[in-house]
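Here's run-v5.pdb, which has PDB, C-alpha atoms:
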```
ATOM      1  CA  MET B   1      -8.406  14.517 -26.030
ATOM      2  CA  ASP B   2      -5.867  17.225 -26.737
ATOM      3  CA  SER B   3      -4.231  18.364 -23.490
ATOM      4  CA  ASN B   4      -3.925  21.949 -24.761
ATOM      5  CA  ALA B   5      -7.678  22.057 -25.402
ATOM      6  CA  LEU B   6      -8.359  20.703 -21.914
ATOM      7  CA  LYS B   7      -6.022  23.302 -20.440
ATOM      8  CA  ALA B   8      -7.847  26.068 -22.311
ATOM      9  CA  PHE B   9     -11.190  24.762 -21.024
ATOM     10  CA  ILE B  10      -9.986  24.643 -17.414
ATOM     11  CA  THR B  11      -8.331  28.059 -17.589
ATOM     12  CA  VAL B  12     -11.464  29.723 -18.952
ATOM     13  CA  ILE B  13     -13.406  28.323 -15.986
ATOM     14  CA  ASP B  14     -10.761  29.265 -13.426
ATOM     15  CA  GLN B  15     -10.258  32.784 -14.774
ATOM     16  CA  GLY B  16     -13.921  33.424 -15.554
ATOM     17  CA  SER B  17     -13.385  34.838 -19.033
ATOM     18  CA  PHE B  18     -11.784  34.072 -22.393
ATOM     19  CA  SER B  19      -9.642  37.212 -22.265
ATOM     20  CA  GLU B  20      -8.219  36.377 -18.816
ATOM     21  CA  ALA B  21      -7.578  32.791 -19.918
ATOM     22  CA  ALA B  22      -5.740  34.086 -22.985
ATOM     23  CA  ASP B  23      -3.532  36.305 -20.814
ATOM     24  CA  THR B  24      -2.819  33.440 -18.421
ATOM     25  CA  LEU B  25      -1.822  31.028 -21.210
ATOM     26  CA  HIS B  26      -0.063  33.714 -23.270
ATOM     27  CA  LEU B  27      -2.354  33.100 -26.229
ATOM     28  CA  THR B  28      -4.773  35.205 -28.233
ATOM     29  CA  GLN B  29      -8.461  35.109 -27.372
ATOM     30  CA  PRO B  30      -9.335  33.580 -30.783
ATOM     31  CA  ALA B  31      -6.820  30.804 -30.107
ATOM     32  CA  ILE B  32      -8.553  29.998 -26.802
ATOM     33  CA  SER B  33     -11.946  29.978 -28.517
ATOM     34  CA  LYS B  34     -10.628  27.707 -31.271
ATOM     35  CA  ARG B  35      -9.256  25.168 -28.794
ATOM     36  CA  LEU B  36     -12.483  25.101 -26.825
ATOM     37  CA  ALA B  37     -14.596  24.757 -29.975
ATOM     38  CA  ALA B  38     -12.428  21.837 -31.112
ATOM     39  CA  LEU B  39     -12.937  20.114 -27.759
ATOM     40  CA  GLU B  40     -16.710  20.636 -27.882
ATOM     41  CA  ASN B  41     -16.832  19.304 -31.460
ATOM     42  CA  GLN B  42     -14.841  16.246 -30.455
ATOM     43  CA  LEU B  43     -17.142  15.520 -27.507
ATOM     44  CA  GLY B  44     -20.283  16.434 -29.410
ATOM     45  CA  THR B  45     -21.701  18.690 -26.714
ATOM     46  CA  PRO B  46     -21.363  22.285 -25.469
ATOM     47  CA  LEU B  47     -19.218  22.655 -22.357
ATOM     48  CA  LEU B  48     -19.887  26.298 -21.546
ATOM     49  CA  GLU B  49     -22.846  28.632 -21.535
ATOM     50  CA  ARG B  50     -21.597  31.966 -22.819
ATOM     51  CA  SER B  51     -23.155  35.321 -21.972
ATOM     52  CA  HIS B  52     -21.948  38.899 -21.780
ATOM     53  CA  ARG B  53     -21.901  38.828 -17.989
ATOM     54  CA  GLN B  54     -20.469  35.445 -17.065
ATOM     55  CA  ILE B  55     -19.426  32.008 -18.217
ATOM     56  CA  ARG B  56     -21.126  28.954 -16.777
ATOM     57  CA  LEU B  57     -20.503  25.253 -17.119
ATOM     58  CA  THR B  58     -23.113  23.170 -18.864
ATOM     59  CA  ASP B  59     -24.011  19.856 -17.267
ATOM     60  CA  ALA B  60     -21.516  18.154 -19.581
ATOM     61  CA  GLY B  61     -18.847  20.708 -18.717
ATOM     62  CA  ALA B  62     -19.368  20.174 -14.991
ATOM     63  CA  ARG B  63     -18.955  16.418 -15.448
ATOM     64  CA  LEU B  64     -15.841  16.867 -17.584
ATOM     65  CA  LEU B  65     -14.056  19.351 -15.303
ATOM     66  CA  PRO B  66     -12.756  16.977 -12.567
ATOM     67  CA  HIS B  67     -11.653  14.462 -15.206
ATOM     68  CA  ALA B  68      -9.891  17.211 -17.163
ATOM     69  CA  ARG B  69      -7.962  18.284 -14.077
ATOM     70  CA  ARG B  70      -6.893  14.688 -13.375
ATOM     71  CA  ILE B  71      -5.844  14.166 -16.996
ATOM     72  CA  LEU B  72      -3.618  17.239 -16.893
ATOM     73  CA  ASP B  73      -2.227  16.128 -13.533
ATOM     74  CA  GLU B  74      -1.201  12.823 -15.113
ATOM     75  CA  VAL B  75       0.375  14.640 -18.067
ATOM     76  CA  HIS B  76       2.300  16.712 -15.512
ATOM     77  CA  ASN B  77       3.361  13.537 -13.650
ATOM     78  CA  ALA B  78       4.497  11.859 -16.861
ATOM     79  CA  ARG B  79       6.674  14.816 -17.804
ATOM     80  CA  LEU B  80       8.267  14.845 -14.355
ATOM     81  CA  ALA B  81       8.928  11.108 -14.525
ATOM     82  CA  LEU B  82      10.808  11.569 -17.808
ATOM     83  CA  GLN B  83      12.732  14.637 -16.643
ATOM     84  CA  ASP B  84      13.596  13.435 -13.138
ATOM     85  CA  ARG B  85      16.202  10.838 -14.105
ATOM     86  CA  ASP B  86      19.502  12.614 -13.510
ATOM     87  CA  GLY B  87      18.709  14.167 -10.117
ATOM     88  CA  GLU B  88      19.138  17.713 -11.420
ATOM     89  CA  VAL B  89      17.370  20.408  -9.415
ATOM     90  CA  ALA B  90      16.536  23.134 -11.895
ATOM     91  CA  GLY B  91      13.580  24.829 -13.535
ATOM     92  CA  HIS B  92      10.615  26.904 -12.450
ATOM     93  CA  LEU B  93       8.981  26.552  -9.031
ATOM     94  CA  SER B  94       5.617  28.227  -8.432
ATOM     95  CA  LEU B  95       4.819  28.945  -4.773
ATOM     96  CA  ILE B  96       2.101  30.495  -2.665
ATOM     97  CA  ALA B  97       2.860  31.679   0.863
ATOM     98  CA  SER B  98       0.732  33.194   3.569
ATOM     99  CA  HIS B  99       1.865  36.664   4.594
ATOM    100  CA  HIS B 100       3.131  35.452   7.981
ATOM    101  CA  ILE B 101       5.158  32.553   6.579
ATOM    102  CA  GLY B 102       6.368  34.757   3.749
ATOM    103  CA  LEU B 103       7.780  37.297   6.209
ATOM    104  CA  HIS B 104       9.052  35.092   9.013
ATOM    105  CA  HIS B 105      10.094  31.782   7.442
ATOM    106  CA  LEU B 106      10.334  31.890   3.662
ATOM    107  CA  PRO B 107      13.279  34.321   3.264
ATOM    108  CA  ALA B 108      15.748  31.993   4.979
ATOM    109  CA  TRP B 109      14.493  29.015   2.959
ATOM    110  CA  LEU B 110      14.727  30.823  -0.353
ATOM    111  CA  GLN B 111      18.169  32.211   0.436
ATOM    112  CA  ARG B 112      19.500  28.693   0.938
ATOM    113  CA  LEU B 113      17.585  27.345  -2.070
ATOM    114  CA  ASN B 114      19.130  30.040  -4.266
ATOM    115  CA  ARG B 115      22.602  29.338  -2.889
ATOM    116  CA  GLU B 116      22.453  25.555  -3.342
ATOM    117  CA  TYR B 117      20.296  25.393  -6.483
ATOM    118  CA  PRO B 118      20.962  28.554  -8.540
ATOM    119  CA  ASP B 119      19.205  27.128 -11.611
ATOM    120  CA  VAL B 120      15.806  27.200  -9.884
ATOM    121  CA  THR B 121      13.590  30.145 -10.808
ATOM    122  CA  LEU B 122      10.671  31.229  -8.625
ATOM    123  CA  GLY B 123       7.131  32.386  -9.153
ATOM    124  CA  LEU B 124       5.889  33.607  -5.779
ATOM    125  CA  GLN B 125       2.421  34.763  -4.685
ATOM    126  CA  PHE B 126       1.494  36.109  -1.237
ATOM    127  CA  MET B 127      -2.062  35.841   0.069
ATOM    128  CA  ASP B 128      -4.059  34.730   3.097
ATOM    129  CA  SER B 129      -4.261  31.001   3.702
ATOM    130  CA  GLU B 130      -7.936  30.760   2.782
ATOM    131  CA  GLY B 131      -7.226  32.295  -0.629
ATOM    132  CA  ALA B 132      -4.258  29.979  -1.093
ATOM    133  CA  TYR B 133      -6.452  26.880  -0.836
ATOM    134  CA  ASP B 134      -8.661  28.174  -3.629
ATOM    135  CA  ARG B 135      -5.693  29.043  -5.846
ATOM    136  CA  MET B 136      -4.158  25.615  -5.277
ATOM    137  CA  ARG B 137      -7.386  23.939  -6.422
ATOM    138  CA  ARG B 138      -6.948  25.854  -9.652
ATOM    139  CA  ARG B 139      -3.366  24.566 -10.064
ATOM    140  CA  SER B 140      -2.005  28.115  -9.745
ATOM    141  CA  ALA B 141       1.071  26.879  -7.855
ATOM    142  CA  GLU B 142       2.895  23.668  -7.036
ATOM    143  CA  LEU B 143       3.247  24.256  -3.296
ATOM    144  CA  ALA B 144       1.535  26.514  -0.775
ATOM    145  CA  PHE B 145       2.877  27.342   2.690
ATOM    146  CA  VAL B 146      -0.205  28.096   4.779
ATOM    147  CA  THR B 147      -1.969  27.797   8.104
ATOM    148  CA  LEU B 148      -3.385  24.286   7.986
ATOM    149  CA  SER B 149      -7.152  24.031   8.234
ATOM    150  CA  GLU B 150      -9.215  21.438  10.070
ATOM    151  CA  SER B 151     -11.718  21.598   7.221
ATOM    152  CA  MET B 152      -9.143  21.025   4.481
ATOM    153  CA  ASP B 153     -10.610  18.656   1.902
ATOM    154  CA  GLN B 154      -9.109  15.420   0.625
ATOM    155  CA  SER B 155      -7.813  16.957  -2.601
ATOM    156  CA  PHE B 156      -4.831  18.334  -0.670
ATOM    157  CA  GLU B 157      -1.774  16.504   0.611
ATOM    158  CA  VAL B 158       0.210  17.888   3.562
ATOM    159  CA  HIS B 159       3.936  17.656   2.782
ATOM    160  CA  ALA B 160       5.193  19.435   5.918
ATOM    161  CA  ARG B 161       3.604  20.330   9.230
ATOM    162  CA  TRP B 162       4.774  22.143  12.353
ATOM    163  CA  GLU B 163       3.145  23.657  15.412
ATOM    164  CA  ASP B 164       3.158  27.433  15.873
ATOM    165  CA  GLU B 165       2.641  28.310  19.533
ATOM    166  CA  MET B 166       0.649  31.478  20.216
ATOM    167  CA  VAL B 167       0.071  33.726  23.245
ATOM    168  CA  PHE B 168      -2.404  36.381  24.395
ATOM    169  CA  VAL B 169      -0.805  39.844  24.220
ATOM    170  CA  VAL B 170      -1.563  43.518  24.875
ATOM    171  CA  SER B 171       0.327  46.791  24.997
ATOM    172  CA  PRO B 172       2.260  47.318  28.263
ATOM    173  CA  ASP B 173      -0.015  50.338  28.847
ATOM    174  CA  HIS B 174      -3.279  48.424  28.428
ATOM    175  CA  PRO B 175      -5.387  47.896  31.594
ATOM    176  CA  LEU B 176      -5.158  44.111  31.137
ATOM    177  CA  ALA B 177      -1.361  44.295  31.443
ATOM    178  CA  ASN B 178      -1.704  45.408  35.078
ATOM    179  CA  MET B 179      -3.859  42.431  36.084
ATOM    180  CA  GLU B 180      -2.046  39.695  37.963
ATOM    181  CA  ALA B 181      -4.066  36.826  36.483
ATOM    182  CA  PRO B 182      -6.408  38.002  33.704
ATOM    183  CA  ASP B 183      -8.905  35.385  32.588
ATOM    184  CA  LEU B 184     -11.195  35.095  29.581
ATOM    185  CA  ALA B 185     -13.937  37.004  31.399
ATOM    186  CA  ALA B 186     -11.557  39.930  31.856
ATOM    187  CA  LEU B 187     -10.550  39.830  28.191
ATOM    188  CA  SER B 188     -14.195  39.758  27.167
ATOM    189  CA  GLY B 189     -14.589  43.297  28.495
ATOM    190  CA  TYR B 190     -12.092  44.716  25.991
ATOM    191  CA  ASP B 191     -11.746  44.815  22.221
ATOM    192  CA  ALA B 192     -10.213  41.743  20.587
ATOM    193  CA  LEU B 193      -7.843  42.108  17.634
ATOM    194  CA  LEU B 194      -8.097  38.859  15.706
ATOM    195  CA  PRO B 195      -8.104  37.513  12.156
ATOM    196  CA  GLU B 196     -11.416  37.215  10.356
ATOM    197  CA  ALA B 197     -13.942  34.491  11.085
ATOM    198  CA  GLY B 198     -13.090  31.357   9.159
ATOM    199  CA  THR B 199      -9.375  31.475   9.905
ATOM    200  CA  ALA B 200      -7.791  28.790  12.087
ATOM    201  CA  THR B 201      -6.715  31.321  14.725
ATOM    202  CA  TYR B 202     -10.159  32.873  15.004
ATOM    203  CA  ARG B 203     -11.843  29.471  15.305
ATOM    204  CA  THR B 204      -9.457  28.406  18.077
ATOM    205  CA  VAL B 205      -9.907  31.573  20.130
ATOM    206  CA  SER B 206     -13.644  31.921  19.547
ATOM    207  CA  ARG B 207     -14.146  28.313  20.677
ATOM    208  CA  LEU B 208     -12.547  29.163  24.034
ATOM    209  CA  PHE B 209     -14.956  32.061  24.549
ATOM    210  CA  LEU B 210     -17.944  30.106  23.282
ATOM    211  CA  ASP B 211     -17.229  27.262  25.718
ATOM    212  CA  ALA B 212     -17.009  29.821  28.534
ATOM    213  CA  ASP B 213     -20.264  31.464  27.388
ATOM    214  CA  LEU B 214     -18.432  34.755  26.836
ATOM    215  CA  SER B 215     -18.664  37.239  23.979
ATOM    216  CA  LEU B 216     -15.875  38.518  21.753
ATOM    217  CA  ASN B 217     -15.714  42.222  20.933
ATOM    218  CA  LEU B 218     -14.180  42.198  17.459
ATOM    219  CA  PRO B 219     -14.338  45.721  15.994
ATOM    220  CA  MET B 220     -11.830  45.450  13.127
ATOM    221  CA  PRO B 221     -10.738  41.965  12.039
ATOM    222  CA  THR B 222      -7.735  41.633   9.721
ATOM    223  CA  ASN B 223      -5.821  38.615   8.469
ATOM    224  CA  TYR B 224      -2.417  40.309   8.659
ATOM    225  CA  MET B 225      -0.607  39.257  11.829
ATOM    226  CA  GLU B 226       1.815  42.182  11.500
ATOM    227  CA  THR B 227      -1.125  44.618  11.469
ATOM    228  CA  LEU B 228      -2.628  42.930  14.529
ATOM    229  CA  LYS B 229       0.720  43.267  16.303
ATOM    230  CA  VAL B 230       0.906  47.002  15.587
ATOM    231  CA  MET B 231      -2.699  47.560  16.661
ATOM    232  CA  ALA B 232      -2.171  45.646  19.907
ATOM    233  CA  GLY B 233       1.124  47.438  20.513
ATOM    234  CA  VAL B 234      -0.545  50.866  20.458
ATOM    235  CA  GLY B 235      -3.223  49.783  22.936
ATOM    236  CA  LEU B 236      -6.239  49.237  20.679
ATOM    237  CA  GLY B 237      -7.056  45.857  22.255
ATOM    238  CA  TRP B 238      -5.708  42.426  23.056
ATOM    239  CA  SER B 239      -4.646  39.874  20.469
ATOM    240  CA  VAL B 240      -3.316  36.340  20.031
ATOM    241  CA  LEU B 241      -0.014  36.173  18.164
ATOM    242  CA  PRO B 242       2.760  33.656  17.505
ATOM    243  CA  VAL B 243       5.417  33.582  20.229
ATOM    244  CA  SER B 244       8.023  34.379  17.578
ATOM    245  CA  MET B 245       6.432  37.811  17.001
ATOM    246  CA  VAL B 246       6.449  38.971  20.620
ATOM    247  CA  ASP B 247       8.853  41.812  21.451
ATOM    248  CA  ASP B 248       9.133  44.753  23.873
ATOM    249  CA  SER B 249       6.082  46.450  22.363
ATOM    250  CA  LEU B 250       3.849  43.727  23.810
ATOM    251  CA  THR B 251       3.083  42.149  27.173
ATOM    252  CA  VAL B 252       2.176  38.464  27.332
ATOM    253  CA  LEU B 253      -0.987  37.796  29.328
ATOM    254  CA  PRO B 254      -0.946  34.673  31.560
ATOM    255  CA  VAL B 255      -4.503  33.736  30.622
ATOM    256  CA  GLY B 256      -4.054  30.033  31.377
ATOM    257  CA  HIS B 257      -5.238  28.687  28.027
ATOM    258  CA  ARG B 258      -2.797  27.193  25.549
ATOM    259  CA  VAL B 259      -3.354  28.329  21.965
ATOM    260  CA  SER B 260      -1.526  27.125  18.896
ATOM    261  CA  ARG B 261      -2.041  26.541  15.210
ATOM    262  CA  PHE B 262      -0.367  24.337  12.657
ATOM    263  CA  LEU B 263       1.540  25.713   9.705
ATOM    264  CA  GLY B 264       2.595  23.593   6.784
ATOM    265  CA  ALA B 265       3.150  23.011   3.106
ATOM    266  CA  ILE B 266       0.389  21.589   0.937
ATOM    267  CA  GLY B 267       0.232  20.221  -2.565
ATOM    268  CA  LEU B 268      -2.467  18.534  -4.584
ATOM    269  CA  ARG B 269      -3.032  14.853  -3.955
ATOM    270  CA  GLY B 270      -2.075  12.769  -6.970
ATOM    271  CA  ARG B 271       0.099  15.507  -8.463
ATOM    272  CA  SER B 272       3.840  14.725  -8.247
ATOM    273  CA  LEU B 273       6.271  17.295  -6.890
ATOM    274  CA  SER B 274       9.191  18.535  -8.959
ATOM    275  CA  PRO B 275      12.784  18.102  -7.715
ATOM    276  CA  GLN B 276      12.914  21.814  -6.914
ATOM    277  CA  ALA B 277       9.757  21.569  -4.776
ATOM    278  CA  ARG B 278      11.182  18.572  -2.925
ATOM    279  CA  ALA B 279      14.449  20.453  -2.364
ATOM    280  CA  LEU B 280      12.598  23.395  -0.826
ATOM    281  CA  LEU B 281      10.624  21.080   1.460
ATOM    282  CA  THR B 282      13.879  19.511   2.679
ATOM    283  CA  ILE B 283      15.284  22.959   3.440
ATOM    284  CA  ALA B 284      12.079  24.018   5.225
ATOM    285  CA  GLY B 285      12.261  20.872   7.365
ATOM    286  CA  GLU B 286      15.800  21.760   8.457
ATOM    287  CA  ILE B 287      15.182  25.480   9.119
ATOM    288  CA  ARG B 288      12.275  26.539  11.291
TER     289      ARG B 288
END
```
Translate this structure into structure tokens?
Amino acid sequence: MDSNALKAFITVIDQGSFSEAADTLHLTQPAISKRLAALENQLGTPLLERSHRQIRLTDAGARLLPHARRILDEVHNARLALQDRDGEVAGHLSLIASHHIGLHHLPAWLQRLNREYPDVTLGLQFMDSEGAYDRMRRRSAELAFVTLSESMDQSFEVHARWEDEMVFVVSPDHPLANMEAPDLAALSGYDALLPEAGTATYRTVSRLFLDADLSLNLPMPTNYMETLKVMAGVGLGWSVLPVSMVDDSLTVLPVGHRVSRFLGAIGLRGRSLSPQARALLTIAGEIR
């Protein structure tokens, strides 16, 4: 099978349209259609059901898709094996970073990477961790720096992992700040400022309240830690934030429950990392 035809097939599925696939691969839409038609002719079966509203996989297309991804992964690995003989760290590195890691960790890593390996070019996307997992499945980046998930499937490989300690916080003017020993029951009486359900932080905190048979008042969830910090700092409720984000605008509440999450770097299992990706992981392991 022609790898370019397989790539066109996968990109049409991932992007949801021929026009978006053409833009992604820097080709014309007729060129994408031609490659897909050639693949279908070679296999003797339609791979896609085309309509004006959406594109769907046929049964044959659904069975081909995981094999096509693995084939392209092996092509990628073969190219790296041939290029990675002289130890040179150069070329393009595509990254995804969560907003928190992108603001509080990534700048120092990239500054050193640029200083030590000036021939590395970057393609960088910022998004929430849940979105990053989906984009990684589509091979949209080589590495993603995210909040690690307990439900992460076996297609991912964790290349780096570190604990991020978190604390309960409020504004110094909030009623909870004047309590000597606020507990979960006390917090339950006020608005909580937390990330959306499904995030690692929300699951950790909600489990504490569920085990204590207490409710969470969650009026306005957001996945941006910086937004949660501002909202807590002006007295709109209590939150749970990384220790590294706490400053004079916040008061730490001695709730008596330890909360933390794990941050890390993920890649796709079975897909080799480039020298530039390995160099960045080394730097990230030395600078926290």
Given the file above and the PyMOL selection byres ((chain B and resi 3) around 9), which residues are selected, and can you give them as JSON, numbers by chain? {"B": [1, 2, 4, 5, 6, 7, 8, 68, 71, 72, 75]}
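Using all atoms listed in the file, the shortest contact distance between His76 of chain B and any of B:Met179, B:Ala141, B:Leu273, B:His26 is found at B:Leu273.
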Excluding segment 112-118 of chain B and residues on its chain fewer than 2 positions from it, collect all residues at most 12 Å away from it, counting only C-alpha atoms, and give them as a PDB file with C-alpha atoms, in the coordinates of the input.
```pdb
ATOM      1  CA  GLY B  87      18.709  14.167 -10.117  1.00  0.00           C
ATOM      2  CA  GLU B  88      19.138  17.713 -11.420  1.00  0.00           C
ATOM      3  CA  VAL B  89      17.370  20.408  -9.415  1.00  0.00           C
ATOM      4  CA  ALA B  90      16.536  23.134 -11.895  1.00  0.00           C
ATOM      5  CA  GLY B  91      13.580  24.829 -13.535  1.00  0.00           C
ATOM      6  CA  HIS B  92      10.615  26.904 -12.450  1.00  0.00           C
ATOM      7  CA  LEU B  93       8.981  26.552  -9.031  1.00  0.00           C
ATOM      8  CA  HIS B 105      10.094  31.782   7.442  1.00  0.00           C
ATOM      9  CA  LEU B 106      10.334  31.890   3.662  1.00  0.00           C
ATOM     10  CA  PRO B 107      13.279  34.321   3.264  1.00  0.00           C
ATOM     11  CA  ALA B 108      15.748  31.993   4.979  1.00  0.00           C
ATOM     12  CA  TRP B 109      14.493  29.015   2.959  1.00  0.00           C
ATOM     13  CA  LEU B 110      14.727  30.823  -0.353  1.00  0.00           C
ATOM     14  CA  VAL B 120      15.806  27.200  -9.884  1.00  0.00           C
ATOM     15  CA  THR B 121      13.590  30.145 -10.808  1.00  0.00           C
ATOM     16  CA  LEU B 122      10.671  31.229  -8.625  1.00  0.00           C
ATOM     17  CA  PRO B 275      12.784  18.102  -7.715  1.00  0.00           C
ATOM     18  CA  GLN B 276      12.914  21.814  -6.914  1.00  0.00           C
ATOM     19  CA  ALA B 277       9.757  21.569  -4.776  1.00  0.00           C
ATOM     20  CA  ARG B 278      11.182  18.572  -2.925  1.00  0.00           C
ATOM     21  CA  ALA B 279      14.449  20.453  -2.364  1.00  0.00           C
ATOM     22  CA  LEU B 280      12.598  23.395  -0.826  1.00  0.00           C
ATOM     23  CA  LEU B 281      10.624  21.080   1.460  1.00  0.00           C
ATOM     24  CA  THR B 282      13.879  19.511   2.679  1.00  0.00           C
ATOM     25  CA  ILE B 283      15.284  22.959   3.440  1.00  0.00           C
ATOM     26  CA  ALA B 284      12.079  24.018   5.225  1.00  0.00           C
ATOM     27  CA  GLU B 286      15.800  21.760   8.457  1.00  0.00           C
ATOM     28  CA  ILE B 287      15.182  25.480   9.119  1.00  0.00           C
TER      29      ILE B 287
END
```
Residue neighbourhood Pro182 of chain B, 12 Å, only C-alpha atoms, exclusion window fewer than 5 positions, as a list in words: Phe168, Val169, Val170, Pro175, Leu176, Ala177, Leu187, Ser188, Gly189, Tyr190, Trp238, Val252, Leu253, Pro254, Val255, Gly256 and His257 of chain B
One decimal, Å: what's the distance from atom CA of Arg261 of chain B over to atom CA of Ala200 of chain B, could you say? 6.9 Å
Expansion of the PyMOL selection byres ((chain B and resi 34-48) around 7) into residues, as a short mmCIF file (atom, residue, chain, number, x, y, z; two decimals) with C-alpha atoms, in the frame of the given file:
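Output contents, as saved in selection-v6.cif:
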```
data_model
loop_
_atom_site.label_atom_id
_atom_site.label_comp_id
_atom_site.auth_asym_id
_atom_site.auth_seq_id
_atom_site.Cartn_x
_atom_site.Cartn_y
_atom_site.Cartn_z
CA ALA B 5 -7.68 22.06 -25.40
CA ALA B 8 -7.85 26.07 -22.31
CA PHE B 9 -11.19 24.76 -21.02
CA PRO B 30 -9.34 33.58 -30.78
CA ALA B 31 -6.82 30.80 -30.11
CA ILE B 32 -8.55 30.00 -26.80
CA SER B 33 -11.95 29.98 -28.52
CA GLU B 49 -22.85 28.63 -21.54
CA ARG B 50 -21.60 31.97 -22.82
CA ILE B 55 -19.43 32.01 -18.22
CA ARG B 56 -21.13 28.95 -16.78
CA LEU B 57 -20.50 25.25 -17.12
CA THR B 58 -23.11 23.17 -18.86
CA ALA B 60 -21.52 18.15 -19.58
CA GLY B 61 -18.85 20.71 -18.72
#
```
Six-sided padding of 6 Å per side, axis-aligned box over segment 245-262 of chain B, centre and edges in Å, one decimal, as AutoDock Vina command-line options:
```
--center_x 1.9 --center_y 35.4 --center_z 22.1 --size_x 26.4 --size_y 34.1 --size_z 30.9
```
To test your reading of the syntax: which residues would the PyMOL selection byres ((chain B and resi 202) around 12) return for the file shown? Reply as a ChimeraX atom specification. /B:147,149,192-201,203-210,216,218,221-223,225,239-241,259-261
Between atom CA of Gln125 of chain B and atom CA of Asp247 of chain B, what is the spacing in Å?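 The value is 27.8 Å.
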One residue among B:Ser17, B:Ile101, B:Asn217, B:Asp191 is nearest to Met245 of chain B when using all atoms listed in the file, and that residue is B:Ile101
Please return segment 272-283 of chain B, rebuilt to N, CA, C and O atoms, as a short mmCIF file (atom, residue, chain, number, x, y, z; two decimals), keeping the file's coordinate frame.
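Okay, part-v2.cif is ready:
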```
data_model
loop_
_atom_site.label_atom_id
_atom_site.label_comp_id
_atom_site.auth_asym_id
_atom_site.auth_seq_id
_atom_site.Cartn_x
_atom_site.Cartn_y
_atom_site.Cartn_z
N SER B 272 2.46 14.90 -8.69
CA SER B 272 3.84 14.72 -8.25
C SER B 272 4.54 16.06 -8.07
O SER B 272 4.25 17.03 -8.78
N LEU B 273 5.48 16.10 -7.12
CA LEU B 273 6.27 17.30 -6.89
C LEU B 273 7.55 17.26 -7.72
O LEU B 273 8.18 16.21 -7.89
N SER B 274 7.96 18.40 -8.19
CA SER B 274 9.19 18.54 -8.96
C SER B 274 10.40 18.42 -8.03
O SER B 274 10.27 18.59 -6.80
N PRO B 275 11.59 18.14 -8.57
CA PRO B 275 12.78 18.10 -7.72
C PRO B 275 13.01 19.40 -6.96
O PRO B 275 13.46 19.38 -5.81
N GLN B 276 12.70 20.54 -7.59
CA GLN B 276 12.91 21.81 -6.91
C GLN B 276 11.94 22.00 -5.75
O GLN B 276 12.30 22.57 -4.71
N ALA B 277 10.71 21.50 -5.89
CA ALA B 277 9.76 21.57 -4.78
C ALA B 277 10.22 20.67 -3.63
O ALA B 277 10.14 21.05 -2.45
N ARG B 278 10.69 19.48 -3.97
CA ARG B 278 11.18 18.57 -2.92
C ARG B 278 12.40 19.15 -2.22
O ARG B 278 12.58 18.98 -1.01
N ALA B 279 13.26 19.83 -2.97
CA ALA B 279 14.45 20.45 -2.36
C ALA B 279 14.04 21.54 -1.37
O ALA B 279 14.61 21.64 -0.28
N LEU B 280 13.05 22.35 -1.73
CA LEU B 280 12.60 23.40 -0.83
C LEU B 280 11.97 22.80 0.43
O LEU B 280 12.18 23.31 1.54
N LEU B 281 11.22 21.72 0.29
CA LEU B 281 10.62 21.08 1.46
C LEU B 281 11.70 20.54 2.40
O LEU B 281 11.56 20.62 3.63
N THR B 282 12.76 19.98 1.84
CA THR B 282 13.88 19.51 2.68
C THR B 282 14.49 20.66 3.46
O THR B 282 14.76 20.56 4.66
N ILE B 283 14.72 21.78 2.78
CA ILE B 283 15.28 22.96 3.44
C ILE B 283 14.34 23.46 4.53
O ILE B 283 14.78 23.77 5.65
#
```
